[in-house]
file coords_15.cif (mmCIF, C-alpha atoms)
data_protein
#
loop_
_atom_site.label_atom_id
_atom_site.label_comp_id
_atom_site.auth_asym_id
_atom_site.auth_seq_id
_atom_site.Cartn_x
_atom_site.Cartn_y
_atom_site.Cartn_z
CA MET U 135 9.51 -14.01 -30.76
CA PRO U 136 8.69 -15.84 -27.52
CA SER U 137 7.46 -19.37 -27.83
CA LEU U 138 3.79 -20.23 -27.71
CA LYS U 139 4.20 -21.88 -24.36
CA ALA U 140 5.87 -18.82 -22.84
CA ILE U 141 3.07 -16.53 -23.99
CA LYS U 142 0.43 -18.87 -22.66
CA LYS U 143 2.15 -18.92 -19.31
CA ARG U 144 2.21 -15.15 -19.15
CA ILE U 145 -1.47 -14.92 -19.98
CA THR U 146 -2.28 -17.26 -17.12
CA SER U 147 -0.16 -15.30 -14.70
CA VAL U 148 -1.71 -11.97 -15.67
CA LYS U 149 -5.15 -13.51 -15.33
CA ASN U 150 -4.30 -14.59 -11.81
CA THR U 151 -3.10 -11.11 -10.96
CA ARG U 152 -6.30 -9.66 -12.30
CA GLN U 153 -8.31 -11.93 -10.12
CA ILE U 154 -6.46 -10.71 -7.06
CA THR U 155 -6.76 -7.05 -7.92
CA LYS U 156 -10.45 -7.48 -8.64
CA ALA U 157 -10.99 -9.15 -5.29
CA MET U 158 -9.05 -6.41 -3.52
CA LYS U 159 -11.15 -3.82 -5.21
CA MET U 160 -14.33 -5.44 -4.01
CA VAL U 161 -13.02 -5.70 -0.46
CA SER U 162 -11.94 -2.06 -0.49
CA ALA U 163 -15.31 -0.99 -1.80
CA ALA U 164 -17.03 -2.72 1.08
CA LYS U 165 -14.61 -1.32 3.64
CA LEU U 166 -14.88 2.12 2.14
CA ARG U 167 -18.59 2.15 2.67
CA ARG U 168 -18.19 1.30 6.33
CA ALA U 169 -15.41 3.86 6.77
CA GLN U 170 -17.51 6.51 5.13
CA GLU U 171 -20.39 5.75 7.45
CA ASN U 172 -18.04 6.16 10.39
CA VAL U 173 -16.88 9.53 9.16
CA VAL U 174 -20.45 10.71 8.78
CA ALA U 175 -21.43 9.31 12.18
CA ALA U 176 -18.60 11.12 13.92
CA ARG U 177 -19.46 14.45 12.38
CA PRO U 178 -22.31 15.57 14.67
CA TYR U 179 -20.21 15.02 17.78
CA ALA U 180 -17.27 16.97 16.42
CA GLN U 181 -19.54 19.73 15.23
CA LYS U 182 -21.43 20.08 18.49
CA LEU U 183 -18.25 20.02 20.51
CA GLY U 184 -16.84 22.71 18.26
CA GLU U 185 -19.91 24.84 18.86
CA VAL U 186 -19.68 24.45 22.61
CA LEU U 187 -15.99 25.27 22.53
CA GLU U 188 -16.60 28.31 20.43
CA ARG U 189 -19.21 29.61 22.81
CA LEU U 190 -16.97 29.04 25.79
CA ALA U 191 -13.91 30.57 24.21
CA LYS U 192 -15.90 33.57 23.14
CA SER U 193 -17.36 34.37 26.49
CA SER U 194 -14.59 33.53 28.88
CA ASP U 195 -11.15 34.61 29.76
CA VAL U 196 -8.72 32.44 27.85
CA GLU U 197 -5.60 33.72 29.57
CA GLY U 198 -3.69 31.22 31.59
CA ILE U 199 -5.13 28.08 30.08
CA PRO U 200 -2.10 26.06 29.04
CA LEU U 201 -3.61 24.41 26.00
CA LEU U 202 -4.44 27.78 24.48
CA GLU U 203 -1.20 29.43 25.38
CA LYS U 204 1.04 30.49 22.54
CA ARG U 205 4.66 30.00 23.37
CA VAL U 206 7.70 30.94 21.40
CA ALA U 207 7.69 28.14 18.90
CA GLU U 208 10.96 26.29 19.07
CA LYS U 209 10.16 22.63 18.98
CA ALA U 210 7.41 21.25 16.84
CA LEU U 211 5.76 17.90 16.51
CA LEU U 212 4.26 16.65 13.30
CA ILE U 213 1.77 13.82 13.36
CA VAL U 214 1.71 11.94 10.08
CA VAL U 215 -1.21 9.64 9.42
CA THR U 216 -0.53 6.97 6.81
CA SER U 217 -1.83 3.46 6.27
CA ASP U 218 -0.59 0.15 7.53
CA ARG U 219 -0.81 -1.54 4.18
CA GLY U 220 0.38 -0.66 0.75
CA LEU U 221 -1.15 -1.22 -2.67
CA CYS U 222 -3.19 1.92 -2.54
CA GLY U 223 -1.68 4.03 -5.27
CA GLY U 224 0.01 7.23 -4.30
CA PHE U 225 -1.76 7.45 -0.96
CA ASN U 226 1.26 6.98 1.27
CA ALA U 227 3.83 8.44 -1.09
CA ASN U 228 1.89 11.68 -1.32
CA ILE U 229 1.56 12.10 2.40
CA CYS U 230 5.22 11.28 2.97
CA LYS U 231 6.25 13.77 0.34
CA ALA U 232 4.07 16.40 1.98
CA ALA U 233 5.72 15.59 5.31
CA GLU U 234 9.17 15.97 3.75
CA ARG U 235 8.16 19.27 2.28
CA PHE U 236 6.84 20.47 5.60
CA LEU U 237 10.06 19.48 7.33
CA LYS U 238 12.16 21.23 4.75
CA GLU U 239 10.14 24.43 4.73
CA LYS U 240 9.85 24.74 8.48
CA LYS U 241 13.40 23.75 9.24
CA SER U 242 14.44 27.34 9.69
CA GLU U 243 11.49 28.21 11.93
CA TYR U 244 12.01 25.58 14.56
CA SER U 245 15.11 24.30 16.24
CA GLU U 246 13.73 20.80 16.13
CA ILE U 247 10.84 18.99 14.51
CA SER U 248 9.89 15.56 15.76
CA LEU U 249 7.53 13.12 14.21
CA LEU U 250 4.77 10.94 15.45
CA THR U 251 3.67 8.44 12.87
CA ILE U 252 0.41 6.59 12.76
CA GLY U 253 0.47 3.68 10.36
CA ARG U 254 3.30 1.39 9.37
CA LYS U 255 4.00 2.83 5.92
CA GLY U 256 4.80 6.32 7.08
CA HIS U 257 7.05 4.99 9.78
CA ASP U 258 8.97 2.82 7.33
CA PHE U 259 9.44 5.73 5.00
CA LEU U 260 10.44 8.38 7.51
CA LYS U 261 12.35 6.44 10.14
CA ASN U 262 15.67 6.51 8.33
CA ARG U 263 15.68 10.20 7.73
CA HIS U 264 14.17 11.79 10.78
CA ARG U 265 13.71 11.42 14.46
CA ILE U 266 10.53 9.54 15.18
CA TRP U 267 9.20 10.33 18.60
CA LYS U 268 6.51 7.69 18.67
CA ASN U 269 4.91 5.32 16.30
CA TYR U 270 1.49 3.76 16.35
CA ALA U 271 1.14 0.95 13.87
CA ASN U 272 -1.71 -1.45 13.30
CA VAL U 273 -4.27 0.81 14.92
CA LEU U 274 -6.05 1.67 11.72
CA SER U 275 -7.81 -1.56 10.88
CA SER U 276 -10.61 -0.50 13.20
CA PRO U 277 -10.08 3.06 14.34
CA ASN U 278 -11.75 3.61 17.67
CA TYR U 279 -12.08 6.51 19.99
CA GLN U 280 -9.94 4.96 22.70
CA ILE U 281 -6.88 4.90 20.46
CA ALA U 282 -7.48 8.46 19.35
CA ALA U 283 -7.85 9.49 22.99
CA LEU U 284 -4.63 7.70 23.88
CA ILE U 285 -2.68 9.44 21.13
CA ALA U 286 -4.24 12.77 22.07
CA ARG U 287 -3.22 12.29 25.70
CA GLU U 288 0.38 11.59 24.70
CA VAL U 289 0.47 14.68 22.55
CA ILE U 290 -1.10 16.86 25.22
CA ASP U 291 1.36 15.60 27.80
CA GLY U 292 4.20 16.37 25.41
CA PHE U 293 2.86 19.85 24.93
CA LEU U 294 2.28 20.54 28.61
CA SER U 295 5.73 19.33 29.58
CA GLU U 296 7.03 21.80 27.01
CA GLU U 297 8.59 19.05 24.98
CA TYR U 298 6.80 20.58 22.03
CA ASP U 299 5.59 24.10 21.51
CA GLU U 300 3.45 23.44 18.49
CA VAL U 301 1.75 20.32 17.21
CA PHE U 302 0.50 19.72 13.69
CA ILE U 303 -1.33 16.82 12.16
CA LEU U 304 -0.98 15.80 8.55
CA TYR U 305 -3.45 13.40 7.02
CA ASN U 306 -5.36 12.49 3.90
CA ALA U 307 -8.85 13.86 4.13
CA PHE U 308 -11.51 11.96 2.29
CA ARG U 309 -13.02 14.06 -0.43
CA SER U 310 -14.33 11.49 -2.85
CA VAL U 311 -13.49 7.96 -3.87
CA MET U 312 -11.14 9.28 -6.50
CA SER U 313 -9.42 12.05 -4.64
CA GLN U 314 -7.90 12.77 -1.26
CA ASP U 315 -6.96 16.11 0.15
CA ILE U 316 -3.73 16.32 2.02
CA THR U 317 -4.65 18.34 5.06
CA LEU U 318 -2.40 20.01 7.57
CA THR U 319 -4.02 21.24 10.76
CA GLN U 320 -2.57 22.82 13.83
CA LEU U 321 -3.59 20.85 16.89
CA LEU U 322 -1.80 22.73 19.63
CA PRO U 323 -1.90 25.34 20.90
CA ILE U 324 -5.59 25.36 20.12
CA VAL U 325 -6.56 28.29 18.01
CA PRO U 326 -9.80 29.50 19.52
CA PRO U 327 -12.49 29.86 16.90
CA ALA U 328 -12.91 33.40 15.70
CA ALA U 329 -15.17 35.27 18.07
CA GLU U 330 -18.14 36.46 16.14
CA GLU U 331 -20.24 39.01 17.88
CA GLU U 332 -23.71 37.65 18.23
CA GLU U 333 -26.53 40.09 18.33
CA HIS U 334 -27.92 38.82 21.55
CA ALA U 335 -25.87 36.26 23.33
CA PRO U 336 -28.12 34.56 25.83
CA GLU U 337 -26.74 34.45 29.31
CA TYR U 338 -25.71 30.91 30.10
CA LEU U 339 -25.54 29.14 33.40
CA TYR U 340 -22.30 27.27 33.80
CA GLU U 341 -21.68 24.34 36.06
CA PRO U 342 -18.93 24.26 37.24
CA SER U 343 -17.35 27.57 36.25
CA LYS U 344 -16.58 28.53 32.68
CA GLY U 345 -12.86 28.17 33.13
CA GLU U 346 -13.22 24.70 34.59
CA LEU U 347 -15.45 23.65 31.73
CA LEU U 348 -13.07 25.02 29.17
CA LYS U 349 -10.18 23.20 30.77
CA GLU U 350 -12.07 19.96 30.53
CA ILE U 351 -13.39 20.43 27.07
CA LEU U 352 -10.13 21.36 25.37
CA PRO U 353 -8.49 17.95 25.67
CA LYS U 354 -11.70 16.44 24.33
CA HIS U 355 -11.41 18.74 21.39
CA ILE U 356 -7.94 17.39 20.62
CA GLU U 357 -9.18 13.83 20.96
CA VAL U 358 -12.00 14.46 18.56
CA GLN U 359 -9.66 16.08 16.06
CA VAL U 360 -7.31 13.11 16.15
CA PHE U 361 -10.23 10.73 15.92
CA ARG U 362 -11.58 12.54 12.91
CA ALA U 363 -8.19 12.54 11.21
CA LEU U 364 -7.96 8.78 11.72
CA LEU U 365 -11.41 8.15 10.33
CA GLU U 366 -10.87 10.41 7.36
CA SER U 367 -7.54 8.83 6.63
CA VAL U 368 -8.98 5.32 6.75
CA ALA U 369 -11.80 6.24 4.41
CA ALA U 370 -9.35 7.93 2.06
CA GLU U 371 -7.09 4.90 2.15
CA HIS U 372 -9.84 2.55 1.09
CA GLY U 373 -10.92 4.96 -1.61
CA ALA U 374 -7.36 5.20 -2.91
CA ARG U 375 -6.93 1.44 -2.84
CA MET U 376 -10.17 0.92 -4.66
CA THR U 377 -9.15 3.29 -7.42
CA ALA U 378 -5.67 1.81 -7.66
CA MET U 379 -7.01 -1.72 -7.85
CA ASP U 380 -9.59 -0.73 -10.39
CA SER U 381 -6.98 0.67 -12.74
CA ALA U 382 -4.74 -2.34 -12.08
CA SER U 383 -7.57 -4.63 -13.13
CA LYS U 384 -8.13 -2.57 -16.24
CA ASN U 385 -4.45 -2.70 -17.12
CA ALA U 386 -4.44 -6.44 -16.63
CA THR U 387 -7.40 -6.84 -18.98
CA GLU U 388 -5.64 -4.73 -21.57
CA MET U 389 -2.48 -6.76 -21.21
CA ILE U 390 -4.35 -10.03 -21.58
CA GLY U 391 -5.83 -8.71 -24.82
CA LYS U 392 -2.42 -7.83 -26.16
CA LEU U 393 -0.92 -11.14 -25.16
CA THR U 394 -3.80 -13.08 -26.66
CA LEU U 395 -3.26 -11.28 -29.93
CA GLN U 396 0.41 -12.11 -29.81
CA TYR U 397 -0.40 -15.71 -29.00
CA ASN U 398 -2.76 -16.05 -31.93
CA ARG U 399 -0.29 -14.49 -34.30
CA ALA U 400 2.44 -16.82 -33.17
CA ARG U 401 0.09 -19.77 -33.58
CA GLN U 402 -0.86 -18.71 -37.07
CA ALA U 403 2.77 -18.17 -38.02
CA ALA U 404 3.60 -21.67 -36.84
CA ILE U 405 0.75 -23.16 -38.89
CA THR U 406 1.79 -21.25 -41.99
CA LYS U 407 5.33 -22.41 -41.55
CA GLU U 408 4.25 -26.02 -41.24
CA LEU U 409 2.05 -25.76 -44.32
CA MET U 410 4.89 -24.26 -46.32
CA GLU U 411 7.14 -27.11 -45.29
CA ILE U 412 4.59 -29.73 -46.30
CA ILE U 413 3.90 -28.08 -49.65
CA SER U 414 7.54 -27.65 -50.49
CA GLY U 415 8.18 -31.27 -49.45
CA ALA U 416 5.38 -32.47 -51.71
CA GLU U 417 6.69 -30.31 -54.53
CA SER U 418 10.14 -31.84 -54.30
CA ILE U 419 8.77 -35.42 -54.34
CA LYS U 420 6.61 -34.61 -57.38
CA GLY U 421 9.58 -33.17 -59.20
CA MET C 140 -43.75 28.12 27.09
CA ALA C 141 -43.04 25.04 25.12
CA GLU C 142 -44.43 21.84 26.50
CA LYS C 143 -41.65 19.61 25.36
CA ILE C 144 -37.90 19.66 25.23
CA THR C 145 -35.86 18.07 22.50
CA LEU C 146 -33.18 15.74 23.75
CA GLU C 147 -30.27 14.95 21.49
CA LEU C 148 -27.65 12.46 22.55
CA VAL C 149 -24.46 12.32 20.52
CA THR C 150 -21.38 10.10 20.86
CA PRO C 151 -18.32 10.02 18.59
CA TYR C 152 -19.71 6.93 16.93
CA ARG C 153 -23.28 7.91 16.29
CA LYS C 154 -26.28 9.94 17.24
CA VAL C 155 -27.88 7.82 19.88
CA LEU C 156 -31.23 9.48 20.05
CA THR C 157 -33.25 12.52 19.17
CA GLU C 158 -36.53 12.72 20.98
CA GLU C 159 -39.15 15.07 22.27
CA VAL C 160 -39.33 14.54 25.99
CA ASP C 161 -41.10 16.01 28.99
CA GLU C 162 -38.30 16.01 31.52
CA ILE C 163 -34.63 15.12 31.76
CA THR C 164 -32.71 14.12 34.86
CA ALA C 165 -28.94 13.81 34.78
CA THR C 166 -25.93 13.70 37.07
CA GLY C 167 -23.91 16.86 36.69
CA ALA C 168 -20.57 17.85 38.08
CA LEU C 169 -22.32 19.38 41.08
CA GLY C 170 -24.91 16.67 41.55
CA GLU C 171 -28.14 15.47 40.11
CA PHE C 172 -30.35 17.98 38.40
CA GLY C 173 -33.46 18.10 36.30
CA VAL C 174 -34.27 19.96 33.13
CA LEU C 175 -37.82 20.95 32.28
CA PRO C 176 -39.08 22.75 29.19
CA GLY C 177 -38.31 26.45 29.38
CA HIS C 178 -35.04 25.96 31.22
CA ALA C 179 -32.53 28.80 31.07
CA PRO C 180 -29.51 28.26 28.84
CA LEU C 181 -27.11 25.96 30.66
CA LEU C 182 -23.82 24.30 30.01
CA THR C 183 -22.58 21.71 32.41
CA SER C 184 -20.26 18.76 32.53
CA LEU C 185 -21.67 15.38 33.39
CA LYS C 186 -20.13 12.79 35.61
CA ILE C 187 -20.20 9.08 34.99
CA GLY C 188 -23.78 8.48 35.83
CA GLU C 189 -27.32 8.00 34.84
CA LEU C 190 -29.50 10.02 32.55
CA SER C 191 -33.20 9.48 32.50
CA TYR C 192 -35.95 11.15 30.63
CA LYS C 193 -39.70 11.13 30.89
CA LYS C 194 -41.76 10.82 27.81
CA GLY C 195 -45.49 10.36 27.91
CA GLY C 196 -46.01 8.15 30.93
CA GLY C 197 -42.76 6.18 30.69
CA VAL C 198 -39.29 6.80 31.98
CA SER C 199 -36.20 5.69 30.07
CA HIS C 200 -32.78 5.28 31.55
CA LEU C 201 -29.33 5.48 30.03
CA ALA C 202 -25.87 4.90 31.44
CA LEU C 203 -23.48 7.68 30.50
CA ASN C 204 -19.76 7.94 30.63
CA TRP C 205 -18.47 11.47 31.08
CA GLY C 206 -19.73 14.25 28.90
CA TYR C 207 -21.52 17.56 28.55
CA LEU C 208 -25.03 18.78 28.55
CA GLU C 209 -26.10 21.96 26.91
CA VAL C 210 -29.57 23.44 27.14
CA LYS C 211 -30.66 26.17 24.83
CA ASP C 212 -34.03 27.16 23.47
CA ASP C 213 -35.79 24.02 24.68
CA LYS C 214 -33.14 21.85 23.15
CA ALA C 215 -30.86 19.71 25.24
CA ILE C 216 -27.73 18.43 23.59
CA VAL C 217 -25.76 15.77 25.39
CA LEU C 218 -22.22 15.03 24.25
CA VAL C 219 -20.86 11.87 25.78
CA GLU C 220 -18.17 9.36 25.05
CA THR C 221 -20.39 6.37 25.54
CA ALA C 222 -24.07 6.02 26.19
CA GLU C 223 -26.00 2.83 26.61
CA ARG C 224 -29.70 2.37 26.85
CA ALA C 225 -30.83 0.24 29.71
CA ASP C 226 -31.79 -2.60 27.41
CA GLU C 227 -28.44 -2.50 25.64
CA ILE C 228 -26.40 -3.07 28.75
CA ASP C 229 -24.59 -6.35 28.95
CA LEU C 230 -25.09 -7.21 32.59
CA GLU C 231 -22.64 -10.08 32.55
CA ARG C 232 -19.93 -7.84 31.17
CA ALA C 233 -20.66 -5.12 33.68
CA LYS C 234 -20.45 -7.63 36.50
CA ALA C 235 -17.16 -8.96 35.19
CA ALA C 236 -15.81 -5.43 34.86
CA LEU C 237 -16.92 -4.65 38.39
CA GLY C 238 -15.10 -7.71 39.68
CA ARG C 239 -11.95 -6.83 37.77
CA ALA C 240 -11.96 -3.24 38.96
CA GLU C 241 -12.48 -4.28 42.58
CA GLU C 242 -9.63 -6.75 42.36
CA ALA C 243 -7.33 -4.18 40.84
CA LEU C 244 -8.25 -1.52 43.38
CA LYS C 245 -7.34 -3.81 46.25
CA LYS C 246 -3.81 -4.06 44.96
CA LEU C 247 -3.32 -0.41 44.10
CA THR C 248 -2.77 2.49 46.41
CA ILE C 249 -4.20 5.92 45.93
CA GLU C 250 -0.90 7.24 44.61
CA ASP C 251 -0.84 4.86 41.66
CA LYS C 252 -1.58 6.29 38.29
CA ASP C 253 -3.92 3.45 37.51
CA TYR C 254 -5.94 3.98 40.65
CA ARG C 255 -8.14 6.62 39.16
CA VAL C 256 -8.54 4.67 35.95
CA MET C 257 -9.75 1.66 37.84
CA GLU C 258 -11.92 3.80 40.07
CA ALA C 259 -13.62 5.19 36.99
CA ALA C 260 -14.06 1.67 35.65
CA LEU C 261 -15.65 0.67 38.92
CA GLU C 262 -18.00 3.61 38.77
CA ARG C 263 -18.99 2.85 35.21
CA ALA C 264 -19.73 -0.75 35.99
CA THR C 265 -21.79 0.21 39.03
CA ILE C 266 -23.84 2.69 37.06
CA ARG C 267 -24.44 0.19 34.29
CA MET C 268 -25.73 -2.34 36.76
CA GLN C 269 -27.93 0.23 38.45
CA VAL C 270 -29.47 1.32 35.19
CA ALA C 271 -29.97 -2.24 34.02
CA ALA C 272 -31.63 -3.09 37.30
CA LYS C 273 -34.05 -0.18 36.93
CA ALA C 274 -35.00 -1.31 33.48
CA ALA C 275 -35.53 -4.86 34.67
CA ARG C 276 -37.86 -3.76 37.45
CA LYS C 277 -40.31 -2.26 35.02
#

call {"tool": "encode", "arguments": {"input": "coords_15.cif", "output": "C-alpha cells"}}
result
Amino acid sequence: MPSLKAIKKRITSVKNTRQITKAMKMVSAAKLRRAQENVVAARPYAQKLGEVLERLAKSSDVEGIPLLEKRVAEKALLIVVTSDRGLCGGFNANICKAAERFLKEKKSEYSEISLLTIGRKGHDFLKNRHRIWKNYANVLSSPNYQIAALIAREVIDGFLSEEYDEVFILYNAFRSVMSQDITLTQLLPIVPPAAEEEEHAPEYLYEPSKGELLKEILPKHIEVQVFRALLESVAAEHGARMTAMDSASKNATEMIGKLTLQYNRARQAAITKELMEIISGAESIKG
Amino acid sequence: MAEKITLELVTPYRKVLTEEVDEITATGALGEFGVLPGHAPLLTSLKIGELSYKKGGGVSHLALNWGYLEVKDDKAIVLVETAERADEIDLERAKAALGRAEEALKKLTIEDKDYRVMEAALERATIRMQVAAKAARK
C-alpha cells in the first residue's frame, strides 16, 4: 500500500490537472460559440453563390470551361483539414484515419495521390508516410477568407496546370457539440449542380456574357467551399475539445474520489495499528 | 409594379444589410448602372467600386470590393467579398493603403505579377476615400 504522503501528492496532482482541463473546457466553449456564429454567418453567401452558379450552369454552355472539364483522372490531390493543436479527443485521429483509408482505397484508381494539409496535426501524422504537396499550418486560429482564397488559388493553379486531375477535400463538418461528420467533397472539377427544369425560367440579362460570368464565378465557388470547410472544421475542433475536456474533468473528479477513499483507509489503518501497539504495550506492562 | 426593391448585401462574413430601397446604383463590369423597381432579371459582375441606394429622401453609399449583383422579382442580391458603409470606412487606413500602393506601383512594371494586385489595392483605397468623402459632405 502506498504511503499516506504519496497518496496525498497524487490527489494534489490530479486536482491540478482537473483545474487545467476545466479551464480548457471553458475556453473551448467560448471559442465554439464564436466559431459557430462564423459558420452561420458564412452560410447565406455560400448559398446565394450556389444558387447563382446553378442558374448559370443550367442555362449556359459548359463546354470548354477548364474548371468544369472532366479529364482522365490520373493524379489526385486530397486536402486534409485538421487542427493545429491537440487535446481534442479523436478529432485529428479520425480524420487522419479517414485520409489513410481514402489513400488506400483509391490507390488503384490514380497513378498518384498528393496531399495538401491544413493544420499542424495532420501534417505531423501524414508527412512520414505520404508525399505532402503543401502544408498550411497555424492558419486556423482565426480562419479568414483571404487564407481560404489563397489556398483555393493554389489548388486551382495546380488543376489548371494539369498537375492534378481531381481535387478532394476532407474535413470534419460540425454537426453538434458532441459529434462531427467526416466529410469528403470533390472540389475539382466542379460538378455542376443538377439541372432541374424550371417551369418558367425567366429570361435573364447577363453582363458581361454568361460564359464570362461563369468563368469568374467558378473560382469564387472553390474559395467559398474551402472557406466553409475551414470554418466547419474549426467549429468541430472546438466542439470536440470541449467534449474531450469535459470527460477528462469528470474522470479526474472520479479519480480524486477514489484516491481520497484510499487515503482515508490508509489513515484509519495507521491509527488502528498505533492503537493496537499502545494497548499491547500497556498490557505487557500490566502483566 | 412594386414601388420598392429589396436590397440584400451578403459577404462571406455576414449579411451586411437587407433593406427596402427606392433605387440602387452600382458599378458593373460594363460601367455604372441603376436598378429601379420592376427591373428585368439581371446578373452582372461588379467591379471594385461604389454602390449607393436611395431610400426615402436619403442616399447611402457603400464601398464594394468585387462581386455580383443579381436582380430578380424586385429583389437585388449583392454578393461581395467586402463591403463597407461610408461611416465604417477608416479614412486613415485607406490613405495609408493608397500611399503604400502608389509606392509599390512606382517600383513595379506592368509585367510583374504583383502589379495587378497593387493596382487593385490602389483602386480599393481610392474608392474607399471617395465614398467616405461623400458621406462626410452630407

call {"tool": "closest_residue", "arguments": {"input": "coords_15.cif", "among": "C:Ala236, C:Ile249, C:Leu182, C:Ala202", "to": "C:Ile266", "atoms": "all atoms listed in the file"}}
result
C:Ala202

call {"tool": "atom_distance", "arguments": {"input": "coords_15.cif", "atom1": "atom CA of U:Leu212", "atom2": "atom CA of U:Ser248"}}
result
6.2 Å

call {"tool": "closest_atom_pairs", "arguments": {"input": "coords_15.cif", "of": "chain C", "to": "chain U", "cutoff": "9 Å", "atoms": "all atoms listed in the file", "output": "JSON lines"}}
result
{"residue": "C:Val149", "atom": "CA", "partner": "U:Tyr179", "partner_atom": "CA", "distance": 5.7}
{"residue": "C:Thr150", "atom": "CA", "partner": "U:Tyr179", "partner_atom": "CA", "distance": 5.9}
{"residue": "C:Pro151", "atom": "CA", "partner": "U:Ala176", "partner_atom": "CA", "distance": 4.8}
{"residue": "C:Tyr152", "atom": "CA", "partner": "U:Ala176", "partner_atom": "CA", "distance": 5.3}
{"residue": "C:Arg153", "atom": "CA", "partner": "U:Ala175", "partner_atom": "CA", "distance": 4.7}
{"residue": "C:Lys154", "atom": "CA", "partner": "U:Ala175", "partner_atom": "CA", "distance": 7.0}
{"residue": "C:Gly167", "atom": "CA", "partner": "U:Glu341", "partner_atom": "CA", "distance": 7.8}
{"residue": "C:Ala168", "atom": "CA", "partner": "U:Pro342", "partner_atom": "CA", "distance": 6.7}
{"residue": "C:Leu169", "atom": "CA", "partner": "U:Pro342", "partner_atom": "CA", "distance": 7.1}
{"residue": "C:Ala179", "atom": "CA", "partner": "U:Tyr338", "partner_atom": "CA", "distance": 7.2}
{"residue": "C:Pro180", "atom": "CA", "partner": "U:Tyr338", "partner_atom": "CA", "distance": 4.8}
{"residue": "C:Leu181", "atom": "CA", "partner": "U:Leu339", "partner_atom": "CA", "distance": 4.5}
{"residue": "C:Leu182", "atom": "CA", "partner": "U:Tyr340", "partner_atom": "CA", "distance": 5.0}
{"residue": "C:Thr183", "atom": "CA", "partner": "U:Glu341", "partner_atom": "CA", "distance": 4.6}
{"residue": "C:Ser184", "atom": "CA", "partner": "U:Glu341", "partner_atom": "CA", "distance": 6.8}
{"residue": "C:Tyr207", "atom": "CA", "partner": "U:Ile351", "partner_atom": "CA", "distance": 8.7}
{"residue": "C:Glu209", "atom": "CA", "partner": "U:Val186", "partner_atom": "CA", "distance": 8.1}
{"residue": "C:Val210", "atom": "CA", "partner": "U:Tyr338", "partner_atom": "CA", "distance": 8.9}
{"residue": "C:Lys211", "atom": "CA", "partner": "U:Tyr338", "partner_atom": "CA", "distance": 8.6}
{"residue": "C:Ile216", "atom": "CA", "partner": "U:Lys182", "partner_atom": "CA", "distance": 8.3}
{"residue": "C:Leu218", "atom": "CA", "partner": "U:Tyr179", "partner_atom": "CA", "distance": 6.8}
{"residue": "C:Val219", "atom": "CA", "partner": "U:Tyr179", "partner_atom": "CA", "distance": 8.6}
{"residue": "C:Glu220", "atom": "CA", "partner": "U:Tyr279", "partner_atom": "CA", "distance": 8.4}

call {"tool": "write_last_selection", "arguments": {"input": "coords_15.cif", "atoms": "C-alpha atoms", "output": "short mmCIF file (atom, residue, chain, number, x, y, z; two decimals), in the frame of the given file"}}
result
data_model
loop_
_atom_site.label_atom_id
_atom_site.label_comp_id
_atom_site.auth_asym_id
_atom_site.auth_seq_id
_atom_site.Cartn_x
_atom_site.Cartn_y
_atom_site.Cartn_z
CA VAL C 149 -24.46 12.32 20.52
CA THR C 150 -21.38 10.10 20.86
CA PRO C 151 -18.32 10.02 18.59
CA TYR C 152 -19.71 6.93 16.93
CA ARG C 153 -23.28 7.91 16.29
CA LYS C 154 -26.28 9.94 17.24
CA GLY C 167 -23.91 16.86 36.69
CA ALA C 168 -20.57 17.85 38.08
CA LEU C 169 -22.32 19.38 41.08
CA ALA C 179 -32.53 28.80 31.07
CA PRO C 180 -29.51 28.26 28.84
CA LEU C 181 -27.11 25.96 30.66
CA LEU C 182 -23.82 24.30 30.01
CA THR C 183 -22.58 21.71 32.41
CA SER C 184 -20.26 18.76 32.53
CA TYR C 207 -21.52 17.56 28.55
CA GLU C 209 -26.10 21.96 26.91
CA VAL C 210 -29.57 23.44 27.14
CA LYS C 211 -30.66 26.17 24.83
CA ILE C 216 -27.73 18.43 23.59
CA LEU C 218 -22.22 15.03 24.25
CA VAL C 219 -20.86 11.87 25.78
CA GLU C 220 -18.17 9.36 25.05
#

call {"tool": "resolve_selection", "arguments": {"input": "coords_15.cif", "expression": "the PyMOL selection byres ((chain U and resi 152) around 10)", "output": "ChimeraX atom specification"}}
result
/U:146-151,153-158,379-380,382-387,390

call {"tool": "closest_residue", "arguments": {"input": "coords_15.cif", "among": "U:Glu203, U:Glu371, U:Glu234, U:Glu188", "to": "U:Ile247", "atoms": "all atoms listed in the file"}}
result
U:Glu234

call {"tool": "atom_distance", "arguments": {"input": "coords_15.cif", "atom1": "atom CA of U:Lys231", "atom2": "atom CA of U:Ala282"}}
result
24.0 Å

call {"tool": "resolve_selection", "arguments": {"input": "coords_15.cif", "expression": "the PyMOL selection byres ((chain U and resi 250) around 7)", "output": "JSON, numbers by chain"}}
result
{"U": [212, 213, 214, 248, 249, 251, 252, 266, 267, 268, 269]}

call {"tool": "residues_near_point", "arguments": {"input": "coords_15.cif", "point": "(-10.6, 5.5, 41.6)", "cutoff": "12 Å", "atoms": "all atoms listed in the file", "output": "VMD selection string"}}
result
chain C and resid 240 to 241 243 to 245 247 to 263

call {"tool": "atom_distance", "arguments": {"input": "coords_15.cif", "atom1": "atom CA of U:Leu202", "atom2": "atom CA of U:Ile324"}}
result
5.1 Å

call {"tool": "closest_residue", "arguments": {"input": "coords_15.cif", "among": "C:Ile144, C:Leu203, C:Leu175, C:Leu208", "to": "C:Glu189", "atoms": "all atoms listed in the file"}}
result
C:Leu203

call {"tool": "closest_residue", "arguments": {"input": "coords_15.cif", "among": "U:Lys241, U:His372, U:Lys407, U:Lys420", "to": "U:Met160", "atoms": "only C-alpha atoms"}}
result
U:His372

call {"tool": "residues_around", "arguments": {"input": "coords_15.cif", "residues": "stretch 374-377 of chain U", "least_positions_apart": "3", "cutoff": "10 Å", "atoms": "only C-alpha atoms", "output": "PyMOL selection string"}}
result
chain U and resi 155-156+158-166+219-226+308+310-314+368-371+380-383

call {"tool": "closest_residue", "arguments": {"input": "coords_15.cif", "among": "U:Ala378, U:Ile316, U:Ala191, U:Val301", "to": "U:Ala207", "atoms": "all atoms listed in the file"}}
result
U:Val301

call {"tool": "axis_aligned_box", "arguments": {"input": "coords_15.cif", "around": "stretch 241-247 of chain C", "padding_each_side": "8 Å", "output": "JSON"}}
result
{"center_x": -7.9, "center_y": -3.6, "center_z": 43.5, "size_x": 25.2, "size_y": 22.3, "size_z": 21.4}
